[in-house]
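Enquirer: Provided herewith: my_file_11.txt, compact mmCIF, C-alpha atoms.
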```txt
# COMPACT_ATOMS: atom_id res chain seq x y z
CA SER A 1 2.24 -11.14 16.17
CA GLN A 2 1.16 -7.60 15.53
CA THR A 3 -1.36 -6.67 12.86
CA ILE A 4 -2.84 -3.41 11.70
CA HIS A 5 -6.32 -3.09 10.24
CA GLN A 6 -7.51 -0.15 8.22
CA TRP A 7 -10.88 0.34 6.60
CA PRO A 8 -12.55 0.90 4.28
CA ALA A 9 -10.21 0.04 1.41
CA THR A 10 -11.99 2.34 -1.02
CA LEU A 11 -14.31 5.28 -0.46
CA VAL A 12 -16.05 7.68 -2.82
CA GLN A 13 -17.58 10.70 -1.13
CA PRO A 14 -19.24 13.91 -2.38
CA VAL A 15 -17.74 17.29 -1.57
CA GLY A 16 -19.06 18.59 1.74
CA SER A 17 -19.79 15.17 3.21
CA PRO A 18 -18.22 13.93 6.46
CA LEU A 19 -15.40 11.40 6.69
CA SER A 20 -14.39 8.77 9.19
CA LEU A 21 -11.50 6.38 8.59
CA GLU A 22 -10.61 3.87 11.27
CA CYS A 23 -7.40 2.07 12.11
CA THR A 24 -6.78 -0.52 14.81
CA VAL A 25 -3.65 -2.35 15.87
CA GLU A 26 -3.54 -5.78 17.47
CA GLY A 27 -0.82 -7.61 19.34
CA THR A 28 0.95 -4.67 20.93
CA SER A 29 0.30 -2.14 23.67
CA ASN A 30 0.65 1.62 23.69
CA PRO A 31 1.91 1.92 20.11
CA ASN A 32 2.74 5.18 18.39
CA LEU A 33 0.10 5.72 15.70
CA TYR A 34 0.25 7.73 12.50
CA TRP A 35 -1.93 8.95 9.63
CA TYR A 36 -0.22 9.63 6.31
CA ARG A 37 -1.63 10.82 3.00
CA GLN A 38 -0.16 9.96 -0.37
CA ALA A 39 -1.29 12.17 -3.23
CA ALA A 40 -0.30 11.59 -6.82
CA GLY A 41 3.11 13.12 -7.52
CA ARG A 42 3.46 14.51 -4.00
CA GLY A 43 4.93 11.68 -1.97
CA LEU A 44 3.95 10.61 1.52
CA GLN A 45 2.85 13.36 3.89
CA LEU A 46 2.46 12.89 7.64
CA LEU A 47 -0.89 14.27 8.79
CA PHE A 48 -1.12 13.27 12.47
CA TYR A 49 0.71 11.16 14.99
CA SER A 50 -0.09 10.04 18.51
CA VAL A 51 2.15 8.74 21.28
CA GLY A 52 -0.75 7.95 23.63
CA ILE A 53 -4.50 8.15 24.23
CA GLY A 54 -5.73 11.68 23.72
CA GLN A 55 -2.31 12.89 22.56
CA ILE A 56 -2.49 14.04 18.96
CA SER A 57 0.10 16.03 17.06
CA SER A 58 -0.89 17.69 13.81
CA GLU A 59 1.77 18.18 11.19
CA VAL A 60 -0.04 20.30 8.65
CA PRO A 61 -3.00 22.67 8.80
CA GLN A 62 -5.88 21.09 7.01
CA ASN A 63 -9.49 20.14 6.84
CA LEU A 64 -8.94 16.94 8.81
CA SER A 65 -8.77 15.91 12.45
CA ALA A 66 -7.66 12.81 14.30
CA SER A 67 -8.67 11.13 17.53
CA ARG A 68 -7.39 8.25 19.63
CA PRO A 69 -10.29 7.09 21.79
CA GLN A 70 -8.58 3.82 22.77
CA ASP A 71 -4.98 2.70 23.06
CA ARG A 72 -4.92 0.86 19.75
CA GLN A 73 -7.52 2.82 17.78
CA PHE A 74 -6.82 5.84 15.61
CA ILE A 75 -9.54 7.68 13.71
CA LEU A 76 -9.21 10.24 10.91
CA SER A 77 -12.20 12.54 10.44
CA SER A 78 -13.51 15.47 8.54
CA LYS A 79 -16.74 17.41 8.94
CA LYS A 80 -16.84 18.57 5.32
CA LEU A 81 -14.66 17.03 2.64
CA LEU A 82 -12.93 19.10 -0.04
CA LEU A 83 -11.84 17.98 -3.48
CA SER A 84 -8.25 18.39 -2.31
CA ASP A 85 -8.80 15.72 0.36
CA SER A 86 -8.70 13.02 -2.31
CA GLY A 87 -5.76 10.68 -1.95
CA PHE A 88 -4.47 7.44 -0.51
CA TYR A 89 -4.60 7.43 3.30
CA LEU A 90 -2.30 5.19 5.25
CA CYS A 91 -2.31 4.33 8.93
CA ALA A 92 0.91 3.15 10.56
CA TRP A 93 2.27 2.18 13.95
CA SER A 94 5.63 1.88 15.66
CA VAL A 95 6.83 0.59 19.00
CA GLN A 96 6.45 3.02 21.87
CA GLY A 97 9.65 4.58 23.10
CA SER A 98 11.33 5.64 19.88
CA PRO A 99 8.67 7.53 17.95
CA PHE A 100 10.21 7.21 14.57
CA GLU A 101 11.74 3.80 14.56
CA LYS A 102 10.53 1.09 12.22
CA LEU A 103 7.07 1.80 10.88
CA PHE A 104 4.43 -0.79 10.03
CA PHE A 105 1.75 0.32 7.61
CA GLY A 106 -1.85 -0.67 7.02
CA SER A 107 -3.17 -1.49 3.56
CA GLY A 108 -4.52 1.99 2.92
CA THR A 109 -7.80 3.69 1.98
CA GLN A 110 -8.23 5.20 -1.46
CA LEU A 111 -10.47 8.25 -0.98
CA SER A 112 -12.03 9.97 -3.97
CA VAL A 113 -13.92 13.19 -3.31
CA LEU A 114 -16.19 14.12 -6.20
CA LYS B 115 14.08 21.49 6.82
CA GLN B 116 14.95 17.96 5.75
CA GLU B 117 14.32 17.10 2.12
CA VAL B 118 14.66 13.66 0.58
CA THR B 119 15.18 13.12 -3.13
CA GLN B 120 15.07 9.86 -5.01
CA ILE B 121 16.56 9.40 -8.44
CA PRO B 122 15.48 8.11 -10.86
CA ALA B 123 11.73 8.53 -10.54
CA ALA B 124 11.21 5.43 -12.67
CA LEU B 125 13.44 2.60 -13.83
CA SER B 126 12.90 -0.34 -16.16
CA VAL B 127 15.39 -3.19 -16.29
CA PRO B 128 15.51 -6.71 -17.74
CA GLU B 129 15.20 -9.64 -15.38
CA GLY B 130 18.47 -10.75 -13.81
CA GLU B 131 20.12 -7.36 -13.84
CA ASN B 132 21.70 -5.88 -10.71
CA LEU B 133 20.46 -2.37 -10.01
CA VAL B 134 20.96 0.58 -7.69
CA LEU B 135 18.35 3.01 -6.42
CA ASN B 136 19.52 6.33 -5.04
CA CYS B 137 18.34 8.45 -2.15
CA SER B 138 19.78 11.77 -1.00
CA PHE B 139 18.92 13.95 1.98
CA THR B 140 19.81 17.52 2.79
CA ASP B 141 20.38 17.37 6.57
CA SER B 142 23.01 14.82 7.61
CA ALA B 143 21.93 14.88 11.28
CA ILE B 144 19.74 11.82 10.94
CA TYR B 145 18.74 9.14 13.43
CA ASN B 146 18.04 6.41 10.91
CA LEU B 147 17.17 5.80 7.29
CA GLN B 148 14.61 3.33 6.07
CA TRP B 149 13.79 1.77 2.73
CA PHE B 150 10.22 0.71 2.00
CA ARG B 151 8.51 -1.14 -0.81
CA GLN B 152 5.01 -0.24 -2.02
CA ASP B 153 2.98 -2.33 -4.44
CA PRO B 154 0.25 -0.51 -6.44
CA GLY B 155 -2.72 0.40 -4.27
CA LYS B 156 -1.14 -1.13 -1.17
CA GLY B 157 0.52 -0.01 2.01
CA LEU B 158 4.26 0.22 2.59
CA THR B 159 6.42 -2.68 3.68
CA SER B 160 9.64 -1.97 5.53
CA LEU B 161 12.64 -3.51 3.81
CA LEU B 162 15.70 -2.25 5.65
CA LEU B 163 16.45 0.17 8.46
CA ILE B 164 19.94 1.62 8.87
CA GLN B 165 20.83 3.36 12.11
CA SER B 166 22.99 6.47 11.81
CA SER B 167 25.97 4.59 13.28
CA GLN B 168 25.78 1.87 10.63
CA ARG B 169 27.06 1.91 7.09
CA GLU B 170 24.94 -0.83 5.56
CA GLN B 171 22.27 -3.44 6.09
CA THR B 172 21.55 -6.58 4.09
CA SER B 173 18.46 -8.71 3.65
CA GLY B 174 18.57 -11.44 1.05
CA ARG B 175 19.19 -9.87 -2.35
CA LEU B 176 18.87 -6.37 -0.93
CA ASN B 177 21.70 -4.27 0.40
CA ALA B 178 21.30 -0.71 1.64
CA SER B 179 24.22 1.58 2.32
CA LEU B 180 24.39 4.87 4.16
CA ASP B 181 26.88 7.70 3.84
CA LYS B 182 25.74 10.30 6.33
CA SER B 183 28.44 12.82 5.57
CA SER B 184 27.49 13.06 1.93
CA GLY B 185 23.76 12.70 2.61
CA ARG B 186 23.31 9.61 0.46
CA SER B 187 21.91 6.12 0.61
CA THR B 188 21.70 3.44 -2.03
CA LEU B 189 19.54 0.36 -2.28
CA TYR B 190 21.21 -2.41 -4.26
CA ILE B 191 19.03 -5.19 -5.65
CA ALA B 192 20.90 -8.21 -6.95
CA ALA B 193 19.63 -10.48 -9.71
CA SER B 194 16.35 -8.61 -10.13
CA GLN B 195 13.12 -10.54 -10.65
CA PRO B 196 9.71 -9.51 -12.02
CA GLY B 197 8.38 -9.82 -8.46
CA ASP B 198 10.66 -6.95 -7.47
CA SER B 199 8.53 -4.58 -9.54
CA ALA B 200 7.15 -1.97 -7.14
CA THR B 201 7.80 1.55 -5.92
CA TYR B 202 10.70 1.87 -3.50
CA LEU B 203 10.66 4.71 -0.99
CA CYS B 204 13.41 6.08 1.17
CA ALA B 205 12.67 7.86 4.46
CA VAL B 206 14.87 9.55 7.04
CA SER B 207 14.29 10.26 10.70
CA SER B 208 16.04 12.89 12.78
CA GLY B 209 15.06 11.27 16.08
CA ASN B 210 11.99 12.78 17.66
CA THR B 211 10.74 14.22 14.42
CA PRO B 212 8.52 12.59 11.82
CA LEU B 213 9.94 10.51 9.03
CA VAL B 214 10.52 12.47 5.84
CA PHE B 215 9.84 10.44 2.72
CA GLY B 216 11.15 10.72 -0.79
CA LYS B 217 8.70 10.44 -3.66
CA GLY B 218 9.98 7.00 -4.57
CA THR B 219 11.44 5.17 -7.54
CA ARG B 220 9.01 3.09 -9.59
CA LEU B 221 10.82 -0.08 -10.64
CA SER B 222 9.72 -2.38 -13.44
CA VAL B 223 11.59 -5.64 -13.97
CA ILE B 224 10.83 -7.08 -17.37
CA ALA B 225 10.80 -10.85 -17.84
```
Translate the structure described by the file into structure tokens.

Expert:
Amino acid sequence: SQTIHQWPATLVQPVGSPLSLECTVEGTSNPNLYWYRQAAGRGLQLLFYSVGIGQISSEVPQNLSASRPQDRQFILSSKKLLLSDSGFYLCAWSVQGSPFEKLFFGSGTQLSVL
Amino acid sequence: KQEVTQIPAALSVPEGENLVLNCSFTDSAIYNLQWFRQDPGKGLTSLLLIQSSQREQTSGRLNASLDKSSGRSTLYIAASQPGDSATYLCAVSSGNTPLVFGKGTRLSVIA
């Protein structure tokens, strides 16, 4: 069966510090991968998605970047965090072929930038 | 641009009551519609997915309907239980475009 791992679960970082959140999927090959952010009162916002290694689509201009160094690994990064980067970050995957079919989410990372 | 609205934002009901959560979307040219459940501080769990050619999907006590022409979907929960307390999110896909999520309905089922 397929599983998705996301870590860390909680992170407190000072403004201006770097960020690296990692997500890995097991039990499937060539998945579509996604990073979402959920901010209080703002709903779920798609940040990046990837349909293959090295293929990253950015949905919104921001202080963040994403990379997919391996087929089942998706990394969210920032060189310098802003206060506005605080939020709940969710990684998700779906079966390759239909990019926006059924999504499976990780357990999330609560990021607080102070 | 697709927009998804969920009403009400929060709902509190006594245990055992049947309830309906509403979702509306502005662009009826959708590929599918999905309902998710989110417990506090957790990720999202997919509950039901309705393809654009379908009118409803059922899973246990949950039934989701879709009316594309009017841009509406409802999630019906029968005989609600305290364990159903969570935030329920609706999301629509227009095919090769990202899912657009509503802000969710926070449900509390009181024992």

Enquirer: Report the distance between atom CA of A:Gln62 and atom CA of A:Leu47 in Å, rounded to one decimal place.

Expert: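 These atoms are spaced 8.6 Å apart.
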
Enquirer: Go ahead and compute the interatomic distance for atom CA of B:Asn132 and atom CA of B:Ser222, in Å to one decimal.

Expert: 12.8 Å

Enquirer: Closest to B:Ala225 among B:Ser126, B:Gln116, B:Gln165, B:Gln148, using all atoms listed in the file?

Expert: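 Closest candidate: B:Ser126.
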
Enquirer: Using only C-alpha atoms and a cut-off of 8 Å, which residues of chain B sit close to chain A? Please list them as a PyMOL selection string.

Expert: chain B and resi 146+148+155-160+163+207+209-218

Enquirer: Between atom CA of A:Arg72 and atom CA of A:Thr24, what distance in Å does the model show, to one decimal?

Expert: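 Here the two named atoms are 5.5 Å from each other.
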
Enquirer: For B:Ile164, work out the shell of residues within 8 Å, counting only C-alpha atoms and skipping chain neighbours fewer than 5 positions away, then give it as a list of chain:residue names.

Expert: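 Non-adjacent residues within range: B:Asn146, B:Leu147, B:Gln148, B:Arg169, B:Glu170, B:Gln171, B:Ala178, B:Ser179, B:Leu180.
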